[in-house]
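The file protein-v9.txt comes next; it holds compact mmCIF, C-alpha atoms and all ligand atoms.
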```
# COMPACT_ATOMS: atom_id res chain seq x y z
CA MET V 15 0.00 0.00 0.00
CA PRO V 16 1.47 3.41 -0.93
CA ILE V 17 2.25 5.52 2.08
CA PHE V 18 2.40 9.28 1.88
CA MET V 19 5.73 10.51 3.15
CA PRO V 20 5.98 13.95 4.70
CA GLN V 21 8.44 15.04 2.00
CA GLY V 22 9.34 13.02 -1.04
CA GLY V 23 6.06 11.66 -2.42
CA LEU V 24 4.91 8.06 -2.16
CA VAL V 25 6.80 5.01 -0.99
CA ASP V 26 5.43 1.70 -2.26
CA HIS V 27 5.47 -1.03 0.36
CA SER V 28 2.99 -3.26 -1.50
CA GLY V 29 3.37 -6.87 -0.61
CA THR V 30 6.64 -6.47 1.24
CA GLY V 31 5.15 -7.28 4.67
CA PRO V 32 7.22 -7.07 7.80
CA THR V 33 10.72 -8.34 7.08
CA PRO V 34 13.26 -9.09 9.79
CA LEU V 35 15.84 -6.35 9.50
CA ARG V 36 18.84 -8.68 9.76
CA SER V 37 17.92 -10.57 6.57
CA VAL V 38 17.68 -7.44 4.41
CA SER V 39 20.75 -5.94 2.80
CA SER V 40 21.07 -2.24 3.40
CA ALA V 41 20.67 -1.56 -0.34
CA ALA V 42 17.28 -3.28 -0.34
CA VAL V 43 15.86 -1.16 2.42
CA THR V 44 13.82 1.71 1.08
CA LYS V 45 15.18 4.52 3.16
CA VAL V 46 12.78 7.16 4.32
CA GLU V 47 14.11 9.88 2.11
CA SER V 48 14.38 13.00 4.09
CA GLN V 49 14.21 13.74 7.76
CA PRO V 50 11.20 15.88 8.43
CA GLY V 51 12.05 19.51 7.85
CA THR V 52 11.19 22.33 10.16
CA LEU V 53 7.57 22.99 10.92
CA LYS V 54 7.78 26.18 8.90
CA ASP V 55 8.93 24.25 5.79
CA GLN V 56 6.23 21.65 6.16
CA ASP V 57 3.27 23.57 7.44
CA ALA V 58 3.64 27.29 7.23
CA GLU V 59 0.09 27.84 8.45
CA VAL V 60 0.50 26.08 11.81
CA ALA V 61 4.00 27.52 12.19
CA ALA V 62 2.61 31.02 11.73
CA TRP V 63 -0.05 30.48 14.39
CA LEU V 64 2.51 29.21 16.86
CA GLN V 65 4.78 32.14 16.09
CA ARG V 66 1.86 34.43 16.74
CA GLU V 67 1.29 32.77 20.12
CA ASP V 68 4.98 33.32 20.96
CA LYS V 69 4.53 36.97 20.13
CA ARG V 70 1.27 37.19 22.10
CA GLN V 71 2.91 35.73 25.20
CA SER V 72 6.02 37.86 24.97
CA THR V 73 4.07 41.09 24.52
CA THR V 74 1.36 40.33 27.12
CA LEU V 75 1.60 40.25 30.89
CA THR V 76 -0.17 37.14 32.16
CA LEU V 77 -2.16 37.62 35.33
CA ILE V 78 -4.28 34.50 34.85
CA ALA V 79 -3.84 32.71 38.16
CA SER V 80 -3.78 29.24 36.63
CA GLU V 81 -1.03 30.00 34.11
CA ASN V 82 2.73 30.35 34.32
CA HIS V 83 5.75 30.31 31.98
CA SER V 84 7.62 27.00 32.10
CA SER V 85 11.38 26.82 31.65
CA PRO V 86 13.00 26.07 28.26
CA ALA V 87 14.14 22.72 29.75
CA VAL V 88 10.53 21.75 30.56
CA ARG V 89 9.38 22.80 27.09
CA GLU V 90 12.17 20.86 25.39
CA THR V 91 10.79 17.57 26.75
CA GLY V 92 7.64 18.09 24.68
CA GLN V 93 9.71 17.82 21.51
CA SER V 94 11.31 14.47 22.34
CA ARG V 95 10.70 11.38 20.21
CA ILE V 96 9.30 9.78 23.36
CA THR V 97 6.07 11.53 22.38
CA ASP V 98 5.60 8.61 19.96
CA LYS V 99 5.88 5.90 22.62
CA TYR V 100 2.98 3.94 24.07
CA ALA V 101 3.53 2.83 27.68
CA GLU V 102 0.20 1.63 29.09
CA GLY V 103 0.72 0.25 32.57
CA TYR V 104 3.28 1.25 35.18
CA PRO V 105 7.10 0.93 35.31
CA SER V 106 8.14 -2.74 34.92
CA ARG V 107 4.48 -3.75 34.27
CA ARG V 108 3.76 -2.39 30.80
CA TYR V 109 1.56 -3.72 28.04
CA TYR V 110 4.11 -2.82 25.33
CA GLY V 111 7.72 -3.68 24.60
CA GLY V 112 10.43 -1.03 24.42
CA CYS V 113 9.38 0.82 27.56
CA GLU V 114 12.76 0.79 29.37
CA VAL V 115 13.30 4.51 28.91
CA ALA V 116 9.67 5.34 29.73
CA ASP V 117 10.06 3.26 32.92
CA SER V 118 13.15 5.19 34.01
CA ILE V 119 11.54 8.56 33.28
CA GLU V 120 8.36 7.70 35.18
CA ASP V 121 10.33 6.27 38.13
CA LEU V 122 12.41 9.45 38.25
CA ALA V 123 9.32 11.68 38.15
CA ARG V 124 7.64 9.66 40.92
CA THR V 125 10.73 9.69 43.12
CA ARG V 126 11.24 13.44 42.70
CA ALA V 127 7.53 14.12 43.36
CA LYS V 128 7.64 12.10 46.58
CA THR V 129 10.80 13.88 47.73
CA LEU V 130 9.44 17.32 46.84
CA PHE V 131 6.12 16.91 48.64
CA LYS V 132 7.28 14.39 51.29
CA ALA V 133 4.60 11.99 50.06
CA GLU V 134 4.31 8.22 50.45
CA ALA V 135 3.12 7.58 46.88
CA ALA V 136 2.82 9.51 43.62
CA ASN V 137 0.98 8.87 40.38
CA VAL V 138 2.35 11.14 37.64
CA GLN V 139 0.19 9.86 34.78
CA PRO V 140 -3.00 12.01 34.92
CA HIS V 141 -3.27 14.07 31.75
CA SER V 142 -4.93 16.92 33.68
CA GLY V 143 -6.27 18.07 37.00
CA THR V 144 -9.77 17.03 35.98
CA THR V 145 -8.61 13.48 35.19
CA ALA V 146 -6.71 13.40 38.48
CA ASN V 147 -9.80 14.47 40.44
CA MET V 148 -12.16 12.12 38.63
CA SER V 149 -9.76 9.18 39.11
CA ALA V 150 -9.23 9.91 42.81
CA LEU V 151 -12.96 10.38 43.49
CA LEU V 152 -13.93 7.18 41.67
CA ALA V 153 -11.21 5.28 43.55
CA LEU V 154 -12.41 6.53 46.95
CA ALA V 155 -16.18 6.99 46.53
CA GLY V 156 -17.03 4.58 43.68
CA PRO V 157 -19.73 5.34 41.08
CA GLY V 158 -22.84 6.68 42.79
CA GLY V 159 -20.87 7.55 45.92
CA ARG V 160 -21.35 10.70 47.98
CA ILE V 161 -18.98 13.68 47.91
CA VAL V 162 -18.84 17.10 49.55
CA GLY V 163 -16.81 19.95 48.03
CA MET V 164 -16.72 23.75 47.73
CA SER V 165 -19.10 25.26 45.17
CA LEU V 166 -17.65 26.86 42.06
CA LYS V 167 -19.33 30.19 42.76
CA ASP V 168 -17.59 30.40 46.14
CA GLY V 169 -14.14 29.54 44.78
CA GLY V 170 -14.28 25.75 44.35
CA HIS V 171 -13.69 23.87 41.12
CA LEU V 172 -16.05 22.30 38.59
CA THR V 173 -14.76 18.83 39.50
CA HIS V 174 -15.71 19.26 43.15
CA GLY V 175 -19.31 18.28 42.38
CA HIS V 176 -20.69 21.00 40.06
CA PRO V 177 -23.85 19.73 38.33
CA ARG V 178 -22.35 20.34 34.85
CA SER V 179 -19.22 18.30 35.67
CA HIS V 180 -19.28 14.49 35.60
CA THR V 181 -18.48 14.72 39.31
CA GLY V 182 -21.91 16.25 39.83
CA MET V 183 -23.56 13.56 37.70
CA VAL V 184 -21.75 10.37 38.74
CA PHE V 185 -21.70 11.23 42.45
CA GLU V 186 -24.30 12.50 44.85
CA ALA V 187 -22.69 15.86 45.56
CA LYS V 188 -23.31 18.51 48.19
CA GLN V 189 -21.51 21.84 48.22
CA TYR V 190 -20.29 24.18 50.92
CA GLY V 191 -19.27 27.81 50.52
CA VAL V 192 -17.64 30.80 52.16
CA GLY V 193 -19.04 33.04 54.89
CA ALA V 194 -19.46 36.82 54.81
CA ASP V 195 -15.73 37.16 55.56
CA GLY V 196 -14.86 35.31 52.32
CA ARG V 197 -13.37 32.36 54.23
CA ILE V 198 -14.57 28.74 54.16
CA ASP V 199 -17.53 28.33 56.49
CA MET V 200 -16.22 25.43 58.59
CA ASP V 201 -19.51 25.13 60.52
CA GLN V 202 -21.29 24.54 57.23
CA VAL V 203 -18.66 21.96 56.21
CA ARG V 204 -19.13 20.13 59.52
CA SER V 205 -22.93 20.05 59.37
CA LEU V 206 -23.01 19.06 55.67
CA VAL V 207 -20.63 16.18 56.33
CA LYS V 208 -22.62 15.02 59.35
CA GLU V 209 -25.86 15.09 57.39
CA HIS V 210 -24.66 13.82 53.99
CA LYS V 211 -22.13 11.22 55.23
CA PRO V 212 -19.88 11.55 52.17
CA HIS V 213 -17.35 8.96 51.09
CA VAL V 214 -15.03 11.84 50.21
CA LEU V 215 -14.70 15.36 51.58
CA ILE V 216 -12.82 17.73 49.25
CA ALA V 217 -10.72 20.67 50.45
CA GLY V 218 -9.35 23.10 47.86
CA GLY V 219 -10.44 25.50 45.16
CA SER V 220 -9.57 27.44 42.03
CA ALA V 221 -10.41 30.94 43.27
CA TYR V 222 -9.78 30.69 46.99
CA THR V 223 -7.16 33.01 48.40
CA ARG V 224 -6.77 31.88 51.99
CA ASN V 225 -4.80 29.10 53.66
CA ILE V 226 -6.91 26.01 54.25
CA ASP V 227 -7.01 24.39 57.67
CA TYR V 228 -6.35 20.82 56.52
CA VAL V 229 -6.16 19.56 60.10
CA ALA V 230 -9.71 20.79 60.79
CA PHE V 231 -10.91 19.26 57.49
CA ALA V 232 -9.28 15.93 58.40
CA ALA V 233 -10.97 15.91 61.82
CA ILE V 234 -14.37 16.53 60.21
CA ALA V 235 -13.76 13.77 57.64
CA LYS V 236 -12.64 11.36 60.33
CA GLU V 237 -15.74 11.89 62.48
CA SER V 238 -17.86 10.65 59.54
CA ASP V 239 -15.44 8.02 58.31
CA ALA V 240 -14.87 9.91 55.05
CA PHE V 241 -11.71 10.14 53.02
CA LEU V 242 -10.17 13.62 52.78
CA MET V 243 -9.02 14.70 49.32
CA ALA V 244 -7.09 17.98 49.03
CA ASP V 245 -6.98 19.61 45.59
CA ILE V 246 -3.89 21.82 45.55
CA ALA V 247 -3.86 22.58 41.81
CA HIS V 248 -3.36 26.30 42.46
CA PRO V 249 -0.98 26.49 45.43
CA ALA V 250 1.07 23.35 44.54
CA GLY V 251 4.27 25.35 43.95
CA LEU V 252 3.82 27.39 47.13
CA ILE V 253 3.23 24.15 49.05
CA ALA V 254 6.26 22.42 47.48
CA ALA V 255 8.39 25.38 48.56
CA GLY V 256 6.95 25.34 52.08
CA VAL V 257 5.55 28.87 51.98
CA VAL V 258 1.93 27.82 52.63
CA PRO V 259 0.69 24.84 54.72
CA SER V 260 0.72 21.41 53.08
CA PRO V 261 -2.05 18.80 53.27
CA VAL V 262 0.40 15.97 52.50
CA GLY V 263 0.40 13.52 55.40
CA ILE V 264 -2.96 14.92 56.58
CA ALA V 265 -5.26 14.20 53.63
CA ASP V 266 -5.60 10.65 52.28
CA VAL V 267 -5.15 11.89 48.73
CA VAL V 268 -3.76 15.12 47.26
CA THR V 269 -4.49 16.02 43.64
CA MET V 270 -2.95 18.82 41.61
CA THR V 271 -2.00 20.17 38.24
CA THR V 272 1.68 20.59 37.46
CA HIS V 273 1.60 23.82 35.45
CA LYS V 274 0.25 26.57 37.70
CA THR V 275 2.46 27.78 40.55
CA LEU V 276 4.44 24.53 40.20
CA ARG V 277 5.61 25.81 36.76
CA GLY V 278 5.87 22.46 35.00
CA PRO V 279 4.24 21.17 31.82
CA ARG V 280 0.44 21.01 31.48
CA GLY V 281 -0.70 17.91 33.36
CA GLY V 282 -1.96 16.37 36.59
CA MET V 283 -0.64 14.33 39.50
CA ILE V 284 -2.02 12.45 42.51
CA LEU V 285 -0.13 11.99 45.78
CA SER V 286 -1.51 9.52 48.29
CA GLN V 287 -0.93 7.63 51.46
CA GLU V 288 0.43 4.14 50.80
CA ALA V 289 -2.84 2.58 52.03
CA VAL V 290 -4.79 3.87 49.02
CA ALA V 291 -1.99 4.06 46.43
CA LYS V 292 -2.95 0.83 44.60
CA LYS V 293 -6.58 1.93 44.29
CA ILE V 294 -5.46 5.28 42.88
CA ASP V 295 -3.11 3.65 40.37
CA SER V 296 -5.77 1.36 38.97
CA SER V 297 -8.29 4.18 38.87
CA VAL V 298 -5.93 6.25 36.68
CA PHE V 299 -4.95 3.27 34.50
CA PRO V 300 -6.90 1.34 33.31
CA GLY V 301 -9.81 3.22 34.91
CA ALA V 302 -9.62 6.66 33.37
CA GLN V 303 -6.76 6.68 30.85
CA GLY V 304 -4.90 4.53 28.36
CA GLY V 305 -1.31 5.36 27.52
CA PRO V 306 0.35 8.04 29.62
CA LEU V 307 1.94 10.98 27.80
CA VAL V 308 5.56 10.10 28.51
CA GLN V 309 6.89 13.39 27.13
CA GLN V 310 4.72 15.22 29.67
CA ILE V 311 5.95 12.94 32.46
CA ALA V 312 9.52 13.81 31.42
CA GLY V 313 8.55 17.50 31.69
CA LYS V 314 7.10 16.86 35.15
CA ALA V 315 10.38 15.20 36.21
CA VAL V 316 12.31 18.26 35.02
CA ALA V 317 9.93 20.65 36.81
CA PHE V 318 10.15 18.68 40.07
CA GLY V 319 13.95 18.78 39.76
CA GLU V 320 13.76 22.57 39.34
CA ALA V 321 11.41 22.85 42.31
CA LEU V 322 13.88 20.97 44.51
CA ARG V 323 16.46 23.76 44.04
CA PRO V 324 16.77 26.59 46.59
CA GLU V 325 15.97 29.27 43.99
CA PHE V 326 12.47 27.80 43.60
CA ARG V 327 11.70 28.61 47.22
CA ALA V 328 12.96 32.17 46.70
CA TYR V 329 10.68 32.43 43.64
CA GLN V 330 7.62 31.25 45.60
CA VAL V 331 8.35 33.70 48.43
CA ARG V 332 8.26 36.48 45.79
CA VAL V 333 5.04 35.12 44.19
CA LYS V 334 3.30 35.33 47.54
CA ALA V 335 4.76 38.74 48.48
CA ASN V 336 3.77 40.14 45.07
CA ALA V 337 0.17 38.93 45.50
CA ALA V 338 -0.10 40.43 48.99
CA HIS V 339 1.32 43.72 47.65
CA LEU V 340 -1.11 43.74 44.72
CA ALA V 341 -4.07 43.16 47.05
CA GLU V 342 -2.94 45.98 49.37
CA HIS V 343 -2.38 48.42 46.53
CA LEU V 344 -5.77 47.72 44.90
CA ALA V 345 -7.54 47.96 48.28
CA SER V 346 -5.80 51.25 49.07
CA GLU V 347 -7.40 52.71 45.92
CA GLY V 348 -10.85 51.54 47.00
CA LEU V 349 -11.22 48.21 45.22
CA LYS V 350 -12.92 45.49 47.24
CA ILE V 351 -10.81 42.36 47.70
CA VAL V 352 -12.65 39.14 48.58
CA SER V 353 -11.63 38.08 52.14
CA GLY V 354 -9.74 41.37 52.47
CA GLY V 355 -6.43 40.05 51.13
CA THR V 356 -4.61 36.87 50.18
CA ASP V 357 -2.38 34.14 51.61
CA ASN V 358 -1.34 32.77 48.21
CA HIS V 359 -0.78 33.85 44.59
CA ILE V 360 -4.40 34.84 43.86
CA VAL V 361 -6.16 38.16 44.36
CA LEU V 362 -9.92 38.10 43.84
CA VAL V 363 -11.38 41.54 43.14
CA ASP V 364 -15.10 42.06 43.82
CA LEU V 365 -16.44 44.63 41.35
CA GLN V 366 -19.94 44.78 42.85
CA GLY V 367 -20.68 48.39 43.63
CA THR V 368 -18.72 49.66 40.60
CA ASP V 369 -20.36 50.14 37.22
CA VAL V 370 -18.20 47.54 35.45
CA THR V 371 -18.42 43.76 35.15
CA GLY V 372 -15.62 41.18 35.16
CA ALA V 373 -16.13 40.74 31.40
CA ASP V 374 -15.74 44.52 30.81
CA VAL V 375 -12.42 44.68 32.64
CA GLU V 376 -11.14 41.46 31.03
CA GLU V 377 -11.73 42.99 27.59
CA ARG V 378 -10.20 46.35 28.46
CA ALA V 379 -7.19 44.61 29.99
CA LEU V 380 -6.58 42.65 26.81
CA THR V 381 -6.41 45.89 24.82
CA ALA V 382 -3.86 47.20 27.31
CA GLY V 383 -1.85 43.95 27.01
CA LEU V 384 -2.84 42.24 30.25
CA ALA V 385 -4.35 38.74 30.28
CA VAL V 386 -6.71 38.46 33.26
CA ASN V 387 -9.86 36.46 33.81
CA LYS V 388 -13.32 37.43 34.85
CA ASN V 389 -14.46 35.28 37.76
CA ALA V 390 -17.54 34.80 39.88
CA VAL V 391 -17.28 36.21 43.39
CA PRO V 392 -19.33 35.05 46.40
CA ASN V 393 -23.03 36.02 46.00
CA ASP V 394 -22.40 37.13 42.43
CA PRO V 395 -25.72 38.01 40.75
CA ARG V 396 -24.19 37.97 37.26
CA PRO V 397 -23.88 34.90 34.97
CA PRO V 398 -20.51 33.09 34.59
CA LEU V 399 -19.70 34.68 31.22
CA VAL V 400 -20.15 38.16 32.69
CA THR V 401 -19.40 37.96 36.46
CA SER V 402 -18.71 40.69 39.00
CA GLY V 403 -15.14 39.66 39.70
CA LEU V 404 -11.59 39.54 38.48
CA ARG V 405 -9.16 36.79 39.40
CA LEU V 406 -5.54 37.94 39.29
CA GLY V 407 -2.49 35.75 39.85
CA THR V 408 1.16 36.69 40.31
CA ALA V 409 2.94 33.43 39.36
CA ALA V 410 3.63 34.26 35.69
CA VAL V 411 4.78 37.88 36.15
CA THR V 412 7.02 36.77 39.03
CA THR V 413 8.59 34.20 36.70
CA ARG V 414 9.40 37.15 34.40
CA GLY V 415 11.17 38.80 37.34
CA PHE V 416 8.57 41.22 38.70
CA GLY V 417 9.01 42.62 42.20
CA THR V 418 6.77 44.94 44.18
CA ALA V 419 7.78 48.06 42.18
CA GLU V 420 6.52 46.48 38.93
CA ILE V 421 3.41 45.19 40.75
CA ASP V 422 2.66 48.82 41.69
CA ARG V 423 2.73 49.79 38.01
CA LEU V 424 0.41 46.90 37.19
CA ALA V 425 -1.97 47.80 40.00
CA ASP V 426 -2.20 51.39 38.70
CA ILE V 427 -3.15 50.07 35.27
CA ILE V 428 -5.85 47.78 36.71
CA ILE V 429 -7.31 50.63 38.73
CA GLY V 430 -7.34 52.85 35.62
CA LEU V 431 -9.10 50.11 33.63
CA VAL V 432 -11.78 49.65 36.30
CA ARG V 433 -12.32 53.44 36.37
CA GLY V 434 -12.86 53.51 32.62
CA GLU V 435 -9.59 55.03 31.37
CA ASP V 436 -8.79 54.33 27.71
CA PRO V 437 -6.88 50.98 27.73
CA GLU V 438 -4.78 52.07 24.73
CA ARG V 439 -2.94 54.57 26.91
CA TYR V 440 -1.46 51.69 28.93
CA ARG V 441 -0.24 49.61 25.99
CA SER V 442 3.20 51.25 25.80
CA ILE V 443 3.79 50.82 29.56
CA VAL V 444 2.92 47.12 29.29
CA LEU V 445 5.23 46.68 26.28
CA GLU V 446 8.04 48.42 28.14
CA LEU V 447 7.56 46.03 31.09
CA CYS V 448 7.46 43.03 28.74
CA GLU V 449 10.71 44.10 27.15
CA ALA V 450 12.42 44.75 30.47
CA TYR V 451 11.22 41.37 31.83
CA PRO V 452 11.35 38.87 28.97
CA LEU V 453 9.92 35.36 29.00
CA PRO V 454 12.20 32.54 30.16
N1 LIG W 1 -8.74 26.21 34.63
C1 LIG W 1 -8.17 26.12 35.93
C2 LIG W 1 -8.25 27.45 36.60
O1 LIG W 1 -8.26 28.41 35.89
O2 LIG W 1 -8.28 27.55 37.82
C3 LIG W 1 -8.87 25.12 36.67
O3 LIG W 1 -9.56 24.26 35.84
```
Could you write out this file's structure as structure tokens?
Amino acid sequence: MPIFMPQGGLVDHSGTGPTPLRSVSSAAVTKVESQPGTLKDQDAEVAAWLQREDKRQSTTLTLIASENHSSPAVRETGQSRITDKYAEGYPSRRYYGGCEVADSIEDLARTRAKTLFKAEAANVQPHSGTTANMSALLALAGPGGRIVGMSLKDGGHLTHGHPRSHTGMVFEAKQYGVGADGRIDMDQVRSLVKEHKPHVLIAGGSAYTRNIDYVAFAAIAKESDAFLMADIAHPAGLIAAGVVPSPVGIADVVTMTTHKTLRGPRGGMILSQEAVAKKIDSSVFPGAQGGPLVQQIAGKAVAFGEALRPEFRAYQVRVKANAAHLAEHLASEGLKIVSGGTDNHIVLVDLQGTDVTGADVEERALTAGLAVNKNAVPNDPRPPLVTSGLRLGTAAVTTRGFGTAEIDRLADIIIGLVRGEDPERYRSIVLELCEAYPLP
């Protein structure tokens, strides 16, 4: 059957069948003519889009709390030929031959993850945070089981039992929220758990700015014989560096993504106590996924190696200090900050009482060269595509090298945008900052 080759037309393999290499003289082997050329040579259209994304990122300041800029070393792993390798199973127990290198990479990633977080067991295969959460919940609650998590509108995550997420369909889910002070209402958590008797209680969120009392959560879970799952997707890097409290060793299972404050490649991970590690492994594979993305696991290994270095802790100290400074500056100009401040990398601005929506400011910010996201705030009357809030994160700009002086300049721009200044007038300031603080 003729096979289309990327460059060099058709190669006819009709009737040749698989031939053992040793019995074929080198002259008889039809050599694949050319090595693939650059992307630009082969597919100018895709190359142009990717170039445009490079330009967008280098000329935009990212304040999206779930994004960061990974290192060139992390990004290089995505280009490895290991991207072509299937490795269903786990190291030394694979369903394919030729997995020796994949085994070593996965073992290295697991070992580094356990060292970094002081965890008993690590599963580095989840393709994403959503897969990690779904796998962990199915392992601990089983289909039809009961879960309790924080509602999305109060700062939780879709996968903590939102009705539109499979976690709200497959499980019987109840949701807790925050009190008037913007902090988790622990009395509500306690009474919901007592009443609902969940198999799993979830602690964590995607727009929650305060430290979580994992010890109190564990005590509530224990009283009702529930597992405690902590989702640390957002503060994972801060936790790895020891600048905010860790749930590892307190919760039964800890899920996360590897690309937010942790600054690795896009992906997920599950840490667990040894007692539930086997259940977690079989829930990820074969339960939720087939072949792991070994190139991503290699990127995770690199990121964990970077996070084990002293400079990573210094970086996370700055991420946190920059967020606290941003919150203070915005508050000093009259903006309302949910919970009055922040303990991590996120600042949640409540725009209720102003005449702008989250969507308005997101759009204005983009014109100025800032990427931010609109976000629901507690008791938000507006729909999710409009919202009355802004979620700002300092991980990406701190990676570029920002300190509190640059955060002040950013805060002034945000205040101007909320007050209705023309966003175009800020574009040159943003470009100047981008040039002075280039991407890694
Ligand atoms: N999308 C991530 C976030 O923005 O927090 C979570 O799914």
Exercise. Got a sec to check which residues lie within 12 Å of ligand LIG 1 (chain W), using all atoms listed in the file, and send them as number ranges by chain?
Worked result: V: 77-82, 142-147, 166, 169-174, 179, 218-223, 245-249, 270-275, 280-282, 359-360, 386-390, 404-407
Selected residue, from V:Gln139, V:Thr125, V:Asn336, V:Gln93, that lies nearest to Leu424 (chain V) when counting all atoms listed in the file: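 Among the listed residues, V:Asn336 lies closest to Leu424 (chain V).
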Edge lengths and centre in Å, axis-aligned, region 217-223 of chain V plus 5 Å each side, as JSON:
```
{"center_x": -8.9, "center_y": 26.8, "center_z": 46.2, "size_x": 13.6, "size_y": 22.3, "size_z": 18.4}
```
Self-check item: Non-local contacts of Tyr228 (chain V) (8 Å; only C-alpha atoms; under 3 positions in same chain excluded) as a list in words
Solution: Ala217, Phe231, Ala232, Ser260, Pro261, Ile264 and Ala265 of chain V
As a check of understanding: the span from CA of Val308 (chain V) to CA of Asp117 (chain V) is 9.3 Å
A straight line from CA of Val229 (chain V) to CA of Val207 (chain V) spans 15.3 Å
>> Which residue is closest to Ala235 (chain V)? Choose from V:Val162, V:Val268, V:Val352, V:Ala250 and count all atoms listed in the file.
In response: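 Under the stated criterion, the closest residue is V:Val162.
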| message | Under the rule that only C-alpha atoms are counted, which of V:Val370, V:Ala409, V:Val214, V:Ala385 is the nearest residue to Gly251 (chain V)? | response |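 Residue with the minimum atom-to-atom distance to Gly251 (chain V): V:Ala409.
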Query raised in the report: Which value, in Å to one decimal, gives the distance between CA of Ser402 (chain V) and CA of His83 (chain V)?
Result: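 Atom-to-atom, CA of Ser402 (chain V) to CA of His83 (chain V), that is 27.5 Å.
For the residues V:Gly92, V:Gly313, V:Gly103, V:Gly355, ranking by smallest atom-to-atom distance to Ser296 (chain V) using only C-alpha atoms places V:Gly103 first.
Take the candidates V:Ala321, V:Ala312, V:Ala419, V:Leu252 and check each one against Ser118 (chain V) using only C-alpha atoms; the shortest distance goes to V:Ala312.
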List the spatial neighbours of Ser442 (chain V) as a short mmCIF file (atom, residue, chain, number, x, y, z; two decimals) with C-alpha atoms, in the coordinates of the input - criterion: any atom at most 12 Å away, only C-alpha atoms, same-chain residues fewer than 5 positions off excluded.
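Heads up, here's the output in result.cif:
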```cif
data_model
loop_
_atom_site.label_atom_id
_atom_site.label_comp_id
_atom_site.auth_asym_id
_atom_site.auth_seq_id
_atom_site.Cartn_x
_atom_site.Cartn_y
_atom_site.Cartn_z
CA THR V 73 4.07 41.09 24.52
CA THR V 74 1.36 40.33 27.12
CA THR V 381 -6.41 45.89 24.82
CA ALA V 382 -3.86 47.20 27.31
CA GLY V 383 -1.85 43.95 27.01
CA LEU V 384 -2.84 42.24 30.25
CA ILE V 427 -3.15 50.07 35.27
CA PRO V 437 -6.88 50.98 27.73
CA LEU V 447 7.56 46.03 31.09
CA CYS V 448 7.46 43.03 28.74
CA GLU V 449 10.71 44.10 27.15
#
```
Practice prompt. Name the closest residue to Phe241 (chain V) among the candidates V:Leu152, V:Val138, V:Met283, V:Ile429; distances are taken between atoms, counting only C-alpha atoms.
Written response: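 Looking at the shortest contact to Phe241 (chain V), the residue is V:Leu152.
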Incomplete region 211-223 of chain V filled out to N, CA and C atoms as a PDB file, keeping the file's coordinate frame:
```pdb
ATOM      1  N   LYS V 211     -23.010  12.388  55.081  1.00  0.00           N
ATOM      2  CA  LYS V 211     -22.130  11.220  55.230  1.00  0.00           C
ATOM      3  C   LYS V 211     -21.385  10.883  53.930  1.00  0.00           C
ATOM      4  N   PRO V 212     -20.539  11.809  53.458  1.00  0.00           N
ATOM      5  CA  PRO V 212     -19.880  11.550  52.170  1.00  0.00           C
ATOM      6  C   PRO V 212     -18.806  10.472  52.284  1.00  0.00           C
ATOM      7  N   HIS V 213     -18.517   9.840  51.139  1.00  0.00           N
ATOM      8  CA  HIS V 213     -17.350   8.960  51.090  1.00  0.00           C
ATOM      9  C   HIS V 213     -16.079   9.804  51.025  1.00  0.00           C
ATOM     10  N   VAL V 214     -16.203  10.965  50.352  1.00  0.00           N
ATOM     11  CA  VAL V 214     -15.030  11.840  50.210  1.00  0.00           C
ATOM     12  C   VAL V 214     -15.407  13.290  50.519  1.00  0.00           C
ATOM     13  N   LEU V 215     -14.597  13.917  51.339  1.00  0.00           N
ATOM     14  CA  LEU V 215     -14.700  15.360  51.580  1.00  0.00           C
ATOM     15  C   LEU V 215     -13.543  16.013  50.829  1.00  0.00           C
ATOM     16  N   ILE V 216     -13.863  17.066  50.059  1.00  0.00           N
ATOM     17  CA  ILE V 216     -12.820  17.730  49.250  1.00  0.00           C
ATOM     18  C   ILE V 216     -12.481  19.091  49.843  1.00  0.00           C
ATOM     19  N   ALA V 217     -11.183  19.348  50.004  1.00  0.00           N
ATOM     20  CA  ALA V 217     -10.720  20.670  50.450  1.00  0.00           C
ATOM     21  C   ALA V 217      -9.861  21.251  49.321  1.00  0.00           C
ATOM     22  N   GLY V 218     -10.166  22.478  48.920  1.00  0.00           N
ATOM     23  CA  GLY V 218      -9.350  23.100  47.860  1.00  0.00           C
ATOM     24  C   GLY V 218     -10.235  23.885  46.925  1.00  0.00           C
ATOM     25  N   GLY V 219      -9.635  24.699  46.069  1.00  0.00           N
ATOM     26  CA  GLY V 219     -10.440  25.500  45.160  1.00  0.00           C
ATOM     27  C   GLY V 219      -9.622  26.071  44.023  1.00  0.00           C
ATOM     28  N   SER V 220     -10.306  26.820  43.133  1.00  0.00           N
ATOM     29  CA  SER V 220      -9.570  27.440  42.030  1.00  0.00           C
ATOM     30  C   SER V 220      -9.628  28.967  42.117  1.00  0.00           C
ATOM     31  N   ALA V 221     -10.413  29.488  43.058  1.00  0.00           N
ATOM     32  CA  ALA V 221     -10.410  30.940  43.270  1.00  0.00           C
ATOM     33  C   ALA V 221     -10.552  31.193  44.760  1.00  0.00           C
ATOM     34  N   TYR V 222      -9.736  30.516  45.530  1.00  0.00           N
ATOM     35  CA  TYR V 222      -9.780  30.690  46.990  1.00  0.00           C
ATOM     36  C   TYR V 222      -8.410  31.200  47.436  1.00  0.00           C
ATOM     37  N   THR V 223      -8.418  32.303  48.168  1.00  0.00           N
ATOM     38  CA  THR V 223      -7.160  33.010  48.400  1.00  0.00           C
ATOM     39  C   THR V 223      -6.564  32.803  49.798  1.00  0.00           C
TER      40      THR V 223
END
```
